[in-house]
$ cat work.txt   # compact mmCIF, C-alpha atoms
# COMPACT_ATOMS: atom_id res chain seq x y z
CA MET A 1120 103.01 176.74 -141.31
CA ASP A 1121 104.49 174.99 -144.28
CA ASN A 1122 107.39 177.37 -143.98
CA GLN A 1123 108.06 176.34 -140.40
CA GLN A 1124 107.84 172.67 -141.32
CA ASP A 1125 110.41 173.13 -144.16
CA THR A 1126 112.77 174.86 -141.77
CA SER A 1127 112.51 172.12 -139.18
CA GLU A 1128 113.10 169.47 -141.85
CA ASN A 1129 116.20 171.34 -143.05
CA THR A 1130 117.48 171.57 -139.51
CA GLN A 1131 116.86 167.91 -138.91
CA SER A 1132 118.56 166.88 -142.12
CA THR A 1133 121.55 169.10 -141.33
CA LEU A 1134 121.83 167.84 -137.79
CA GLY A 1135 121.03 164.29 -138.68
CA GLU A 1136 123.68 163.95 -141.40
CA ASP A 1137 126.78 161.87 -140.70
CA VAL A 1138 129.56 164.47 -140.40
CA SER A 1139 132.24 161.99 -141.55
CA GLN A 1140 130.68 161.88 -144.99
CA THR A 1141 131.06 165.59 -145.82
CA PRO A 1142 133.60 166.68 -148.46
CA ALA A 1143 135.20 169.15 -146.02
CA ARG A 1144 135.77 166.38 -143.48
CA ASP A 1145 137.29 164.13 -146.15
CA GLU A 1146 139.62 166.94 -147.24
CA ALA A 1147 140.69 167.63 -143.63
CA VAL A 1148 141.44 163.94 -143.06
CA ASN A 1149 143.43 163.85 -146.30
CA TYR A 1150 145.51 166.90 -145.22
CA TYR A 1151 146.09 165.41 -141.80
CA ASP A 1152 147.31 162.14 -143.34
CA GLN A 1153 149.66 164.09 -145.62
CA TYR A 1154 150.98 166.04 -142.63
CA ILE A 1155 151.65 162.84 -140.66
CA ARG A 1156 153.49 161.28 -143.64
CA MET A 1157 155.56 164.42 -144.20
CA ALA A 1158 156.46 164.62 -140.53
CA ALA A 1159 157.55 160.96 -140.56
CA ASP A 1160 159.52 161.49 -143.80
CA PHE A 1161 161.26 164.52 -142.31
CA GLU A 1162 162.14 162.62 -139.14
CA ASN A 1163 163.58 159.77 -141.24
CA PHE A 1164 165.55 162.29 -143.32
CA ARG A 1165 166.92 163.94 -140.17
CA LYS A 1166 168.05 160.57 -138.75
CA ARG A 1167 169.61 159.51 -142.08
CA TYR A 1168 171.43 162.85 -142.38
CA ALA A 1169 172.80 162.51 -138.84
CA GLN A 1170 174.05 158.98 -139.61
CA GLU A 1171 175.68 160.07 -142.87
CA ARG A 1172 177.33 163.06 -141.19
CA GLU A 1173 178.66 160.84 -138.41
CA ALA A 1174 180.04 158.36 -140.95
CA LEU A 1175 181.66 161.19 -142.92
CA LEU A 1176 183.35 162.53 -139.80
CA LYS A 1177 184.42 159.05 -138.75
CA TYR A 1178 185.65 157.79 -142.13
CA GLY A 1179 186.22 161.04 -144.06
CA SER A 1180 189.98 160.61 -144.06
CA GLU A 1181 189.81 157.09 -145.50
CA HIS A 1182 190.87 158.27 -148.97
CA ALA A 1183 193.87 160.08 -147.49
CA MET A 1184 194.88 156.97 -145.58
CA HIS A 1185 194.76 154.86 -148.76
CA GLU A 1186 197.17 157.37 -150.31
CA LEU A 1187 199.51 157.46 -147.30
CA ILE A 1188 199.79 153.72 -146.59
CA PRO A 1189 202.20 153.04 -149.53
CA VAL A 1190 204.48 155.81 -148.24
CA LEU A 1191 204.45 154.21 -144.80
CA ASP A 1192 205.20 150.80 -146.37
CA ASN A 1193 208.23 152.22 -148.20
CA LEU A 1194 209.46 153.95 -145.07
CA GLU A 1195 209.27 150.66 -143.14
CA ARG A 1196 211.08 148.81 -145.96
CA ALA A 1197 213.81 151.46 -146.00
CA MET A 1198 214.21 151.30 -142.23
CA GLY A 1199 214.54 147.51 -142.46
CA SER A 1200 217.13 147.54 -145.24
CA LEU A 1201 219.30 150.32 -143.82
CA SER A 1202 221.61 149.88 -140.91
CA GLU A 1203 223.78 152.20 -138.85
CA THR A 1204 226.70 151.39 -141.15
CA SER A 1205 224.78 152.14 -144.36
CA ASP A 1206 226.29 154.53 -146.84
CA ALA A 1207 225.11 158.12 -146.35
CA LYS A 1208 224.57 158.49 -150.09
CA ILE A 1209 222.13 155.55 -150.15
CA LEU A 1210 220.35 156.92 -147.10
CA PHE A 1211 220.04 160.34 -148.75
CA GLN A 1212 218.65 158.82 -151.97
CA SER A 1213 216.12 156.78 -149.96
CA LEU A 1214 214.96 159.84 -148.07
CA ARG A 1215 214.68 161.86 -151.28
CA LEU A 1216 212.58 159.11 -152.89
CA MET A 1217 210.26 158.86 -149.87
CA SER A 1218 209.93 162.65 -149.69
CA SER A 1219 208.97 162.75 -153.36
CA GLN A 1220 206.46 159.94 -152.87
CA LEU A 1221 204.93 161.69 -149.86
CA GLN A 1222 204.64 164.98 -151.76
CA ASP A 1223 202.94 163.19 -154.68
CA CYS A 1224 200.59 161.44 -152.27
CA LEU A 1225 199.61 164.68 -150.53
CA SER A 1226 199.20 166.39 -153.89
CA ASN A 1227 196.78 163.63 -154.96
CA ILE A 1228 194.74 164.27 -151.82
CA GLY A 1229 194.57 167.98 -152.71
CA LEU A 1230 197.38 169.52 -150.66
CA LYS A 1231 199.27 172.29 -152.42
CA LYS A 1232 202.44 173.95 -151.14
CA LEU A 1233 202.45 177.74 -151.36
CA ASN A 1234 205.40 179.34 -153.13
CA ALA A 1235 206.04 182.51 -151.19
CA VAL A 1236 209.57 183.73 -151.97
CA GLY A 1237 209.51 186.64 -154.42
CA GLU A 1238 205.76 187.12 -154.06
CA ALA A 1239 204.05 190.18 -152.59
CA PHE A 1240 203.09 189.71 -148.95
CA ASP A 1241 199.42 188.69 -148.67
CA VAL A 1242 197.96 188.66 -145.17
CA SER A 1243 195.45 185.96 -146.19
CA LEU A 1244 198.25 183.54 -147.18
CA HIS A 1245 201.31 184.63 -145.22
CA GLU A 1246 202.35 185.30 -141.65
CA ALA A 1247 205.20 187.79 -141.31
CA VAL A 1248 207.67 186.77 -138.62
CA SER A 1249 209.96 189.76 -139.25
CA GLN A 1250 211.02 192.43 -141.69
CA GLN A 1251 214.46 192.87 -143.15
CA GLU A 1252 215.72 196.16 -144.50
CA THR A 1253 217.01 195.74 -148.03
CA SER A 1254 217.33 197.79 -151.18
CA GLU A 1255 217.54 194.66 -153.36
CA HIS A 1256 213.79 193.90 -153.18
CA PRO A 1257 210.72 196.13 -153.30
CA GLU A 1258 209.02 196.82 -149.97
CA GLY A 1259 206.44 194.17 -149.06
CA THR A 1260 208.13 191.41 -151.08
CA ILE A 1261 208.79 188.09 -149.36
CA ILE A 1262 212.54 187.47 -149.27
CA THR A 1263 212.72 184.36 -147.06
CA GLU A 1264 210.31 181.58 -146.21
CA VAL A 1265 210.81 180.35 -142.65
CA GLN A 1266 208.07 177.70 -142.82
CA SER A 1267 206.07 176.54 -145.84
CA GLY A 1268 202.35 177.22 -146.10
CA TYR A 1269 199.75 174.83 -147.53
CA LEU A 1270 196.33 174.89 -149.18
CA LEU A 1271 193.94 171.94 -149.09
CA LYS A 1272 191.92 172.32 -152.30
CA ASP A 1273 191.12 176.03 -151.95
CA ARG A 1274 191.25 176.34 -148.14
CA LEU A 1275 194.33 177.62 -146.33
CA ILE A 1276 195.58 174.93 -143.92
CA ARG A 1277 198.68 176.75 -142.72
CA PRO A 1278 200.00 180.17 -143.74
CA SER A 1279 203.60 180.55 -144.90
CA ARG A 1280 205.77 182.08 -142.18
CA VAL A 1281 207.92 184.63 -143.97
CA ILE A 1282 210.42 187.47 -143.72
CA VAL A 1283 209.31 190.54 -145.65
CA ALA A 1284 211.48 193.20 -147.31
CA ALA A 1285 211.40 196.70 -145.86
CA THR A 1286 212.92 199.85 -147.27
CA PRO A 1287 216.18 200.75 -145.56
CA SER A 1288 215.84 203.52 -143.03
CA LYS A 1289 217.96 206.63 -143.60
CA PRO A 1290 220.15 207.82 -140.74
CA ASP A 1291 218.70 210.67 -138.72
CA LYS A 1292 221.04 213.63 -139.25
CA THR A 1293 219.37 215.61 -136.45
CA ASN A 1294 220.01 212.95 -133.82
CA PRO A 1295 223.61 213.22 -132.57
CA PHE A 1296 223.43 209.75 -131.01
CA MET A 1297 222.54 208.03 -134.30
CA PRO A 1298 225.71 207.09 -136.21
CA ASP A 1299 225.97 208.13 -139.83
CA VAL A 1300 226.79 204.94 -141.70
CA THR A 1301 227.12 206.72 -145.03
CA ALA A 1302 230.03 208.93 -143.91
CA THR A 1303 233.52 207.60 -144.63
CA SER A 1304 236.31 208.01 -142.12
$ encode --input "work.txt" --output "structure tokens"
Amino acid sequence: MDNQQDTSENTQSTLGEDVSQTPARDEAVNYYDQYIRMAADFENFRKRYAQEREALLKYGSEHAMHELIPVLDNLERAMGSLSETSDAKILFQSLRLMSSQLQDCLSNIGLKKLNAVGEAFDVSLHEAVSQQETSEHPEGTIITEVQSGYLLKDRLIRPSRVIVAATPSKPDKTNPFMPDVTATS
């Protein structure tokens, strides 16, 4: 009988205990609070990241504009000081100076002009607009640049449009309709 009484007392004490005071309950509440804080921190991070990304997209070119404004100022000054009767030599010197200033400005921003002539054709940097048969240059060498190409830092902004050397074709001796350019008359 004592055994039954001990069991009933154990059951009563287990059932009668305040569940909020157990170590497992305290640990669960602690984990839940940490989860809520982390979720709030992540939501704040996500909002802050979206705002920073939007600001970068909106004002990302601000540095470039600070570099370009002096070039624009000089262009406006030149336009104001030159007239239709201005000497062509002065006009040419003004344009050369502004071109140099603009190139320096773009270089400071990170723009680099590709030098293509004399280089081997590279499909990742060049766009071939045509081929020209020549024996003066090895096949695949760029002989003319039609339009300059540019890199911004290490990213290609625009490929160079080029004419590439091709080996001269030999006349077809078996084709009677193909003239033999090597024969002398």
$ atom_distance --input "work.txt" --atom1 "atom CA of A:Ser1226" --atom2 "atom CA of A:Val1265"
21.4 Å
$ atom_distance --input "work.txt" --atom1 "atom CA of A:Leu1244" --atom2 "atom CA of A:Leu1270"
9.1 Å
$ atom_distance --input "work.txt" --atom1 "atom CA of A:Ser1279" --atom2 "atom CA of A:Leu1176"
27.6 Å
$ closest_residue --input "work.txt" --among "A:Leu1221, A:Val1281, A:Ala1158, A:Ala1207" --to "A:Pro1189" --atoms "all atoms listed in the file"
A:Leu1221
$ build_atoms --input "work.txt" --residues "stretch 1146-1163 of chain A" --atoms "N, CA and C atoms" --output "PDB file, keeping the file's coordinate frame"
ATOM      1  N   GLU A1146     138.455 166.141-146.887  1.00  0.00           N
ATOM      2  CA  GLU A1146     139.620 166.940-147.240  1.00  0.00           C
ATOM      3  C   GLU A1146     140.517 167.168-146.013  1.00  0.00           C
ATOM      4  N   ALA A1147     139.920 167.423-144.862  1.00  0.00           N
ATOM      5  CA  ALA A1147     140.690 167.630-143.630  1.00  0.00           C
ATOM      6  C   ALA A1147     141.440 166.360-143.241  1.00  0.00           C
ATOM      7  N   VAL A1148     140.791 165.217-143.369  1.00  0.00           N
ATOM      8  CA  VAL A1148     141.440 163.940-143.060  1.00  0.00           C
ATOM      9  C   VAL A1148     142.596 163.694-144.028  1.00  0.00           C
ATOM     10  N   ASN A1149     142.393 164.015-145.289  1.00  0.00           N
ATOM     11  CA  ASN A1149     143.430 163.850-146.300  1.00  0.00           C
ATOM     12  C   ASN A1149     144.649 164.731-145.965  1.00  0.00           C
ATOM     13  N   TYR A1150     144.412 166.002-145.602  1.00  0.00           N
ATOM     14  CA  TYR A1150     145.510 166.900-145.220  1.00  0.00           C
ATOM     15  C   TYR A1150     146.219 166.417-143.968  1.00  0.00           C
ATOM     16  N   TYR A1151     145.473 165.916-143.037  1.00  0.00           N
ATOM     17  CA  TYR A1151     146.090 165.410-141.800  1.00  0.00           C
ATOM     18  C   TYR A1151     146.984 164.203-142.109  1.00  0.00           C
ATOM     19  N   ASP A1152     146.502 163.298-142.951  1.00  0.00           N
ATOM     20  CA  ASP A1152     147.310 162.140-143.340  1.00  0.00           C
ATOM     21  C   ASP A1152     148.590 162.575-144.054  1.00  0.00           C
ATOM     22  N   GLN A1153     148.480 163.569-144.935  1.00  0.00           N
ATOM     23  CA  GLN A1153     149.660 164.090-145.620  1.00  0.00           C
ATOM     24  C   GLN A1153     150.641 164.696-144.618  1.00  0.00           C
ATOM     25  N   TYR A1154     150.124 165.431-143.656  1.00  0.00           N
ATOM     26  CA  TYR A1154     150.980 166.040-142.630  1.00  0.00           C
ATOM     27  C   TYR A1154     151.716 164.964-141.829  1.00  0.00           C
ATOM     28  N   ILE A1155     151.029 163.920-141.429  1.00  0.00           N
ATOM     29  CA  ILE A1155     151.650 162.840-140.660  1.00  0.00           C
ATOM     30  C   ILE A1155     152.747 162.169-141.482  1.00  0.00           C
ATOM     31  N   ARG A1156     152.478 161.903-142.763  1.00  0.00           N
ATOM     32  CA  ARG A1156     153.490 161.280-143.640  1.00  0.00           C
ATOM     33  C   ARG A1156     154.705 162.190-143.812  1.00  0.00           C
ATOM     34  N   MET A1157     154.449 163.484-144.027  1.00  0.00           N
ATOM     35  CA  MET A1157     155.560 164.420-144.200  1.00  0.00           C
ATOM     36  C   MET A1157     156.380 164.542-142.927  1.00  0.00           C
ATOM     37  N   ALA A1158     155.741 164.541-141.799  1.00  0.00           N
ATOM     38  CA  ALA A1158     156.460 164.620-140.530  1.00  0.00           C
ATOM     39  C   ALA A1158     157.322 163.373-140.340  1.00  0.00           C
ATOM     40  N   ALA A1159     156.790 162.209-140.681  1.00  0.00           N
ATOM     41  CA  ALA A1159     157.550 160.960-140.560  1.00  0.00           C
ATOM     42  C   ALA A1159     158.711 160.957-141.571  1.00  0.00           C
ATOM     43  N   ASP A1160     158.450 161.415-142.801  1.00  0.00           N
ATOM     44  CA  ASP A1160     159.520 161.490-143.800  1.00  0.00           C
ATOM     45  C   ASP A1160     160.629 162.432-143.351  1.00  0.00           C
ATOM     46  N   PHE A1161     160.263 163.570-142.788  1.00  0.00           N
ATOM     47  CA  PHE A1161     161.260 164.520-142.310  1.00  0.00           C
ATOM     48  C   PHE A1161     162.070 163.932-141.165  1.00  0.00           C
ATOM     49  N   GLU A1162     161.424 163.241-140.259  1.00  0.00           N
ATOM     50  CA  GLU A1162     162.140 162.620-139.140  1.00  0.00           C
ATOM     51  C   GLU A1162     163.115 161.553-139.659  1.00  0.00           C
ATOM     52  N   ASN A1163     162.687 160.766-140.632  1.00  0.00           N
ATOM     53  CA  ASN A1163     163.580 159.770-141.240  1.00  0.00           C
ATOM     54  C   ASN A1163     164.753 160.443-141.938  1.00  0.00           C
TER      55      ASN A1163
END
